[in-house]
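First comes the structure, then the notes that go with it.
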Amino acid sequence: MKNIVLLGATGSIGVQTSDIIEANPSEFNLYAMAFGTRIDVAKPIIECLKPSIVVVKDDLVKEQLIHQIDGNISIYSGLDALNELVTQPDVDLVVNALLGSVGLKPTLAAIRAQKQIAFANKETLVTAGHLVKAEADRYGVDLLPVDSEHAAIHQCLRGESPSEIKRMVITASGGSFRDYTRDELVGVTKEDALKHPNWSMGAKITIDSATMMNKGLEVIEAHWLFDVPYAQIDVLMHKESVIHSMVEFVDQNVMAQLGTPDMRIPIQYALTYPDRTTYNLSSGLDLTSFGTLHFQDLSFDRFPCLDMAYQAGREGGSMPTVLNAANEEAVQLFLNDQIDFLGIEKAIYDELAEHQRIESPNLDTILEIDQETRKRVRRRH
Ligand SMILES: NC(=O)C1=CN([C@@H]2O[C@H](COP(=O)(O)OP(=O)(O)OC[C@H]3O[C@@H](n4cnc5c(N)ncnc54)[C@H](OP(=O)(O)O)[C@@H]3O)[C@@H](O)[C@H]2O)C=CC1
Ligand SMILES: CC(=O)[C@@H](O)[C@H](O)COP(=O)(O)O
Ligand SMILES: [Mn+2]
């Protein structure tokens, strides 16, 4: 029985993780969960899976929750409580399904407590990949990918030697505006941007898919998770999202992982690793229903966010921190109707252009750059 702490329990990944826990009661116990503000989503999870501890964003949410749940549950609030929660002795596995760089400190706390981590929270690896990787190596902690492309690569690499990898190929659906020209992107609406062709996900990542920043973040995520140089990470448009990613080896053998677009499959993979457990929450992959799979190169001119992410990743230092913070803030402004769709890439470009790169930022410097970048993006718009 694995005792699980689920961070971001009310989000898209969080709710699907609770489905997996509920479907496998003899393997998993939801020991604790954390969320921000959405009590309506949290309540049924609490009632069904009965965690011993719940952490919420602030005291206001805590007060509201106390009056709405019964039972012997300890409730805490705030980021410090989140950091403490992941270090509890009873915890076997931390699922980090938080959104954004707010996940950085709890990740470091979990690593230092030598907890295994199932990792969805890609912004944390983008903003401070060098720190997370160094700590994970130092404490001998596995970061088990939940992100579908990285779960695919992880499976392609099982039993393989890193020196035999020629390149990784991360597939991209193209997002909501895959077939639009640059001119056609002028004035697109939030409602249209939020219609992902293949996946049902949280709002921020759905917008990231539409700008192709999601793939950029995933390239940086792959660099840190699998320790591969950027020159060996390619992105390929594949509109069906059936092949989740591939690895080509030096002898030109290519391994690919396929599956239906159901995030509960990679979530369960991370939770049960190194074992596999029967999955029957959805029907399996039926390739005949697709008939043909499509592949296409994508251009940096059409998708400048991908270009900026590769550049920021290659330059390293504090550049990925700026990339991530500017993107998080710009996407929020877009979702609040304060900037238009193309304003997202412009905000990121402006921040990267102005930033004086720092070679090897420590945690305090990263947190400061993150906050300063966000403030500047907000001030400009
Ligand atoms: N959704 C998907 O299919 C996929 C997501 N990912 C990655 O997984 C991560 C989560 O994505 P997704 O589930 O879509 O995001 P959501 O926006 O749906 O969920 C985010 C979760 O984080 C919680 N949260 C945010 N801020 C805080 C805070 N300060 N304290 C405590 N909890 C907080 C939210 O709580 P509340 O809402 O209650 O405020 C919510 O539970 C992202 O990094 C994303 O890129 C990766 C692959 C696929
Ligand atoms: C489900 C998942 O892992 C998402 O990150 C997904 O990959 C988004 O799709 P695209 O970014 O390829 O549109
Ligand atoms: Mn993904």
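In the structure tokens, each chain is lettered A, B, ... as it comes, each chain's residues begin at 1, and ligands are numbered from 1 in order of appearance.
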Next on the checklist: Set the distance at 10 Å and use only C-alpha atoms: which residues neighbour stretch 44-54 of chain A once local chain neighbours fewer than 2 positions away are removed? I'd like the list as a PyMOL selection string.
Outcome noted: chain A and resi 3-7+9-10+14-15+18-19+21-22+25+29-35+39-42+56+62+65+69-77+81-82+85
Might you pull out every residue within 12 Å of A:Arg357, with only C-alpha atoms counted and same-chain residues fewer than 4 positions away left off, and present them as a CSV table (one decimal) with C-alpha atoms, in the first residue's frame?
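Generated file (around_10.csv):
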```
chain,number,residue,atom,x,y,z
A,312,ALA,CA,16.1,30.1,-23.2
A,315,GLU,CA,21.2,29.7,-22.8
A,316,GLY,CA,20.3,28.3,-19.4
A,317,GLY,CA,21.0,30.2,-16.2
A,318,SER,CA,18.1,32.5,-15.3
A,319,MET,CA,16.6,32.6,-18.9
A,320,PRO,CA,14.2,29.7,-18.4
A,321,THR,CA,13.0,31.3,-15.1
A,322,VAL,CA,12.1,34.5,-17.1
A,323,LEU,CA,10.5,32.4,-19.9
A,351,GLU,CA,11.0,40.0,-20.9
A,352,LEU,CA,13.7,37.7,-22.4
A,353,ALA,CA,15.1,40.5,-24.5
A,361,PRO,CA,20.9,31.3,-9.9
A,365,THR,CA,17.5,34.5,-7.0
A,366,ILE,CA,15.1,32.4,-8.9
A,369,ILE,CA,13.5,36.9,-10.8
```
Next on the checklist: So that I can check the surroundings of stretch 295-298 of chain A, please list as JSON, numbers by chain every protein, DNA and RNA residue that reaches within 6 Å of it, counting only C-alpha atoms and ignoring chain neighbours fewer than 4 positions away.
Outcome noted: {"A": [236, 237, 238]}
Can I get the selection written as a PDB file, in the first residue's frame, with N, CA and C atoms?
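Output contents, as saved in part-v1.pdb:
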```
ATOM      1  N   LEU A 236       7.847  17.135 -33.183  1.00  0.00           N
ATOM      2  CA  LEU A 236       7.211  16.720 -34.434  1.00  0.00           C
ATOM      3  C   LEU A 236       5.700  16.882 -34.295  1.00  0.00           C
ATOM      4  N   MET A 237       5.097  17.539 -35.268  1.00  0.00           N
ATOM      5  CA  MET A 237       3.639  17.693 -35.216  1.00  0.00           C
ATOM      6  C   MET A 237       2.974  16.354 -35.553  1.00  0.00           C
ATOM      7  N   HIS A 238       2.038  15.977 -34.695  1.00  0.00           N
ATOM      8  CA  HIS A 238       1.319  14.706 -34.901  1.00  0.00           C
ATOM      9  C   HIS A 238      -0.091  14.943 -34.376  1.00  0.00           C
TER      10      HIS A 238
END
```
Next on the checklist: Show me which residues line ligand 1, defined as having an atom within 8 Å of a ligand atom where only C-alpha atoms and all ligand atoms count, and present them as a PyMOL selection string.
Outcome noted: chain A and resi 7-15+34-39+41-42+55-57+78-79+82+96-100+102+119-124+146-148+199-206+214+263
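Across the model, the gap from atom 1 (C, counted along the ligand's line) of ligand 2 to atom CA of A:Leu258 is 12.6 Å.
DSSP secondary structure from the backbone places Pro304, Cys305, Leu306, Asp307, Met308, Ala309, Tyr310, Gln311, Ala312, Gly313, Arg314, Glu315, Met319 and Pro320 of chain A of stretch 288-320 of chain A in alpha helix (DSSP H).
Among the candidate residues A:Lys105, A:Lys190, A:Lys195, A:Arg167, the one lying nearest to A:Tyr230 is A:Arg167, with distances computed using only C-alpha atoms.
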Item to check | Pick from A:Val235, A:Ile20, A:Val186, A:Leu143 nearest to ligand 2, counting only C-alpha atoms and all ligand atoms | outcome: A:Val235
Checklist entry - Which residues in stretch 84-320 of chain A does DSSP call strand (DSSP E)? List them as a ChimeraX atom specification. => result /A:93-96,116-119,143-145,165-172,233-237,243-249,254-258
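Taking atom CA of A:Ile117 and atom CA of A:Val91 as endpoints, the distance between them is 10.7 Å.
Minimum atom-to-atom distances from A:Ala152, A:Ala136, A:Ile111, A:Val126 to ligand 3 were compared using only C-alpha atoms and all ligand atoms, and the lowest value belongs to A:Ala152.
The space between atom CA of A:Ala256 and atom CA of A:Thr288 spans 17.8 Å.
With only C-alpha atoms and all ligand atoms as the atoms that count, the residue of A:Pro89, A:Pro304, A:Pro145, A:Gly313 with the shortest distance to ligand 3 is A:Pro145.
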Item to check | Who sits within 9 Å of A:Tyr310, only C-alpha atoms, same chain under 6 positions skipped, as a PyMOL selection string | outcome: chain A and resi 216-217+219-220+230
Can I get the selected residues back with C-alpha atoms, as a CSV table (one decimal), in the first residue's frame?
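In the end it all went to again-v1.csv:
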```csv
chain,number,residue,atom,x,y,z
A,216,GLY,CA,8.7,24.4,-25.4
A,217,LEU,CA,8.2,23.7,-21.7
A,219,VAL,CA,11.5,20.3,-24.3
A,220,ILE,CA,13.1,21.9,-21.2
A,230,TYR,CA,18.8,20.2,-26.5
```
Checklist entry - If you count only C-alpha atoms, which residues fall within 12 Å of stretch 335-337 of chain A, apart from same-chain ones fewer than 3 positions away, as number ranges by chain? => result A: 187-194, 202-208, 328-332, 340-341, 343-344, 378, 381
Please dump the current selection as an mmCIF file, in the first residue's frame; keep N, CA and C atoms.
```
data_model
loop_
_atom_site.group_PDB
_atom_site.id
_atom_site.type_symbol
_atom_site.label_atom_id
_atom_site.label_comp_id
_atom_site.auth_asym_id
_atom_site.auth_seq_id
_atom_site.Cartn_x
_atom_site.Cartn_y
_atom_site.Cartn_z
ATOM 1 N N GLY A 187 -6.766 38.366 -33.216
ATOM 2 C CA GLY A 187 -8.144 38.476 -32.732
ATOM 3 C C GLY A 187 -8.842 37.165 -32.397
ATOM 4 N N VAL A 188 -8.107 36.042 -32.350
ATOM 5 C CA VAL A 188 -8.779 34.792 -31.941
ATOM 6 C C VAL A 188 -9.286 34.926 -30.500
ATOM 7 N N THR A 189 -10.322 34.187 -30.161
ATOM 8 C CA THR A 189 -10.930 34.377 -28.838
ATOM 9 C C THR A 189 -10.403 33.365 -27.811
ATOM 10 N N LYS A 190 -10.613 33.726 -26.562
ATOM 11 C CA LYS A 190 -10.254 32.830 -25.455
ATOM 12 C C LYS A 190 -11.041 31.523 -25.555
ATOM 13 N N GLU A 191 -12.298 31.648 -25.907
ATOM 14 C CA GLU A 191 -13.162 30.456 -25.994
ATOM 15 C C GLU A 191 -12.607 29.481 -27.032
ATOM 16 N N ASP A 192 -12.177 30.009 -28.171
ATOM 17 C CA ASP A 192 -11.609 29.128 -29.207
ATOM 18 C C ASP A 192 -10.274 28.546 -28.748
ATOM 19 N N ALA A 193 -9.461 29.363 -28.082
ATOM 20 C CA ALA A 193 -8.147 28.886 -27.621
ATOM 21 C C ALA A 193 -8.308 27.746 -26.617
ATOM 22 N N LEU A 194 -9.403 27.771 -25.878
ATOM 23 C CA LEU A 194 -9.601 26.762 -24.825
ATOM 24 C C LEU A 194 -10.167 25.440 -25.353
ATOM 25 N N GLY A 202 -6.549 21.548 -17.823
ATOM 26 C CA GLY A 202 -6.732 22.841 -17.183
ATOM 27 C C GLY A 202 -6.536 23.971 -18.198
ATOM 28 N N ALA A 203 -7.027 25.171 -17.825
ATOM 29 C CA ALA A 203 -7.024 26.299 -18.772
ATOM 30 C C ALA A 203 -5.613 26.709 -19.180
ATOM 31 N N LYS A 204 -4.694 26.769 -18.212
ATOM 32 C CA LYS A 204 -3.355 27.301 -18.540
ATOM 33 C C LYS A 204 -2.645 26.416 -19.552
ATOM 34 N N ILE A 205 -2.638 25.120 -19.321
ATOM 35 C CA ILE A 205 -1.913 24.235 -20.242
ATOM 36 C C ILE A 205 -2.618 24.185 -21.609
ATOM 37 N N THR A 206 -3.927 24.390 -21.624
ATOM 38 C CA THR A 206 -4.632 24.392 -22.917
ATOM 39 C C THR A 206 -4.205 25.606 -23.746
ATOM 40 N N ILE A 207 -4.022 26.740 -23.080
ATOM 41 C CA ILE A 207 -3.519 27.925 -23.802
ATOM 42 C C ILE A 207 -2.063 27.690 -24.215
ATOM 43 N N ASP A 208 -1.267 27.087 -23.330
ATOM 44 C CA ASP A 208 0.128 26.765 -23.689
ATOM 45 C C ASP A 208 0.188 25.862 -24.927
ATOM 46 N N GLU A 328 3.625 32.366 -17.598
ATOM 47 C CA GLU A 328 2.526 32.159 -16.632
ATOM 48 C C GLU A 328 1.679 33.428 -16.496
ATOM 49 N N GLU A 329 2.374 34.546 -16.380
ATOM 50 C CA GLU A 329 1.661 35.808 -16.155
ATOM 51 C C GLU A 329 0.880 36.235 -17.399
ATOM 52 N N ALA A 330 1.514 36.078 -18.575
ATOM 53 C CA ALA A 330 0.853 36.502 -19.818
ATOM 54 C C ALA A 330 -0.377 35.638 -20.100
ATOM 55 N N VAL A 331 -0.278 34.343 -19.825
ATOM 56 C CA VAL A 331 -1.437 33.471 -20.058
ATOM 57 C C VAL A 331 -2.579 33.896 -19.124
ATOM 58 N N GLN A 332 -2.224 34.228 -17.878
ATOM 59 C CA GLN A 332 -3.266 34.678 -16.946
ATOM 60 C C GLN A 332 -3.918 35.966 -17.433
ATOM 61 N N ASP A 340 -4.450 40.231 -25.865
ATOM 62 C CA ASP A 340 -4.959 39.288 -26.856
ATOM 63 C C ASP A 340 -3.992 38.114 -27.013
ATOM 64 N N PHE A 341 -4.378 37.156 -27.851
ATOM 65 C CA PHE A 341 -3.615 35.909 -27.957
ATOM 66 C C PHE A 341 -2.156 36.162 -28.338
ATOM 67 N N GLY A 343 -0.507 38.715 -27.846
ATOM 68 C CA GLY A 343 0.148 39.461 -26.765
ATOM 69 C C GLY A 343 0.939 38.546 -25.836
ATOM 70 N N ILE A 344 0.577 37.269 -25.806
ATOM 71 C CA ILE A 344 1.284 36.325 -24.914
ATOM 72 C C ILE A 344 2.740 36.206 -25.373
ATOM 73 N N ARG A 378 2.847 42.419 -15.680
ATOM 74 C CA ARG A 378 1.557 43.011 -15.275
ATOM 75 C C ARG A 378 1.563 44.528 -15.473
ATOM 76 N N HIS A 381 0.952 45.864 -18.993
ATOM 77 C CA HIS A 381 -0.321 45.616 -19.691
ATOM 78 C C HIS A 381 -1.535 46.051 -18.874
#
```
Item to check | Spatial neighbours of stretch 153-157 of chain A, max dist 8 Å, only C-alpha atoms, sep filter under 2 positions, as a list in words | outcome: Pro145, Glu149, His150, Ala151, Gly159, Glu160, Ser161, Met168, Ser245, Met246, Val247, Met255, Ala256 and Gln257 of chain A
Take the residues from that selection and write them out as a PDB file, in the first residue's frame, keeping N, CA and C atoms.
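Written out: selection-v1.pdb:
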```pdb
ATOM      1  N   PRO A 145       7.854  10.832 -14.441  1.00  0.00           N
ATOM      2  CA  PRO A 145       7.052  11.763 -15.228  1.00  0.00           C
ATOM      3  C   PRO A 145       5.595  11.350 -15.347  1.00  0.00           C
ATOM      4  N   GLU A 149       4.088  12.935 -22.725  1.00  0.00           N
ATOM      5  CA  GLU A 149       5.249  12.753 -23.604  1.00  0.00           C
ATOM      6  C   GLU A 149       6.424  12.168 -22.828  1.00  0.00           C
ATOM      7  N   HIS A 150       6.579  12.623 -21.595  1.00  0.00           N
ATOM      8  CA  HIS A 150       7.723  12.187 -20.788  1.00  0.00           C
ATOM      9  C   HIS A 150       7.488  10.792 -20.219  1.00  0.00           C
ATOM     10  N   ALA A 151       6.220  10.485 -19.949  1.00  0.00           N
ATOM     11  CA  ALA A 151       5.888   9.117 -19.548  1.00  0.00           C
ATOM     12  C   ALA A 151       6.183   8.181 -20.721  1.00  0.00           C
ATOM     13  N   GLY A 159      15.442   0.062 -19.424  1.00  0.00           N
ATOM     14  CA  GLY A 159      16.484  -0.917 -19.719  1.00  0.00           C
ATOM     15  C   GLY A 159      17.503  -0.444 -20.753  1.00  0.00           C
ATOM     16  N   GLU A 160      17.387   0.788 -21.237  1.00  0.00           N
ATOM     17  CA  GLU A 160      18.324   1.277 -22.259  1.00  0.00           C
ATOM     18  C   GLU A 160      19.436   2.101 -21.617  1.00  0.00           C
ATOM     19  N   SER A 161      20.556   2.176 -22.323  1.00  0.00           N
ATOM     20  CA  SER A 161      21.675   2.954 -21.791  1.00  0.00           C
ATOM     21  C   SER A 161      21.637   4.371 -22.372  1.00  0.00           C
ATOM     22  N   MET A 168      15.530  12.312 -28.997  1.00  0.00           N
ATOM     23  CA  MET A 168      14.161  12.120 -28.539  1.00  0.00           C
ATOM     24  C   MET A 168      13.248  12.933 -29.444  1.00  0.00           C
ATOM     25  N   SER A 245       5.336  10.056 -27.774  1.00  0.00           N
ATOM     26  CA  SER A 245       6.717  10.499 -28.032  1.00  0.00           C
ATOM     27  C   SER A 245       7.529   9.290 -28.450  1.00  0.00           C
ATOM     28  N   MET A 246       8.760   9.553 -28.898  1.00  0.00           N
ATOM     29  CA  MET A 246       9.605   8.459 -29.405  1.00  0.00           C
ATOM     30  C   MET A 246      11.053   8.692 -28.986  1.00  0.00           C
ATOM     31  N   VAL A 247      11.820   7.603 -29.022  1.00  0.00           N
ATOM     32  CA  VAL A 247      13.275   7.713 -28.824  1.00  0.00           C
ATOM     33  C   VAL A 247      13.952   6.965 -29.968  1.00  0.00           C
ATOM     34  N   MET A 255      11.935   3.636 -30.819  1.00  0.00           N
ATOM     35  CA  MET A 255      10.877   3.127 -29.937  1.00  0.00           C
ATOM     36  C   MET A 255       9.840   4.242 -29.764  1.00  0.00           C
ATOM     37  N   ALA A 256       8.564   3.871 -29.867  1.00  0.00           N
ATOM     38  CA  ALA A 256       7.487   4.849 -29.653  1.00  0.00           C
ATOM     39  C   ALA A 256       6.518   4.284 -28.626  1.00  0.00           C
ATOM     40  N   GLN A 257       5.853   5.167 -27.907  1.00  0.00           N
ATOM     41  CA  GLN A 257       4.795   4.714 -26.990  1.00  0.00           C
ATOM     42  C   GLN A 257       3.476   5.266 -27.508  1.00  0.00           C
TER      43      GLN A 257
END
```
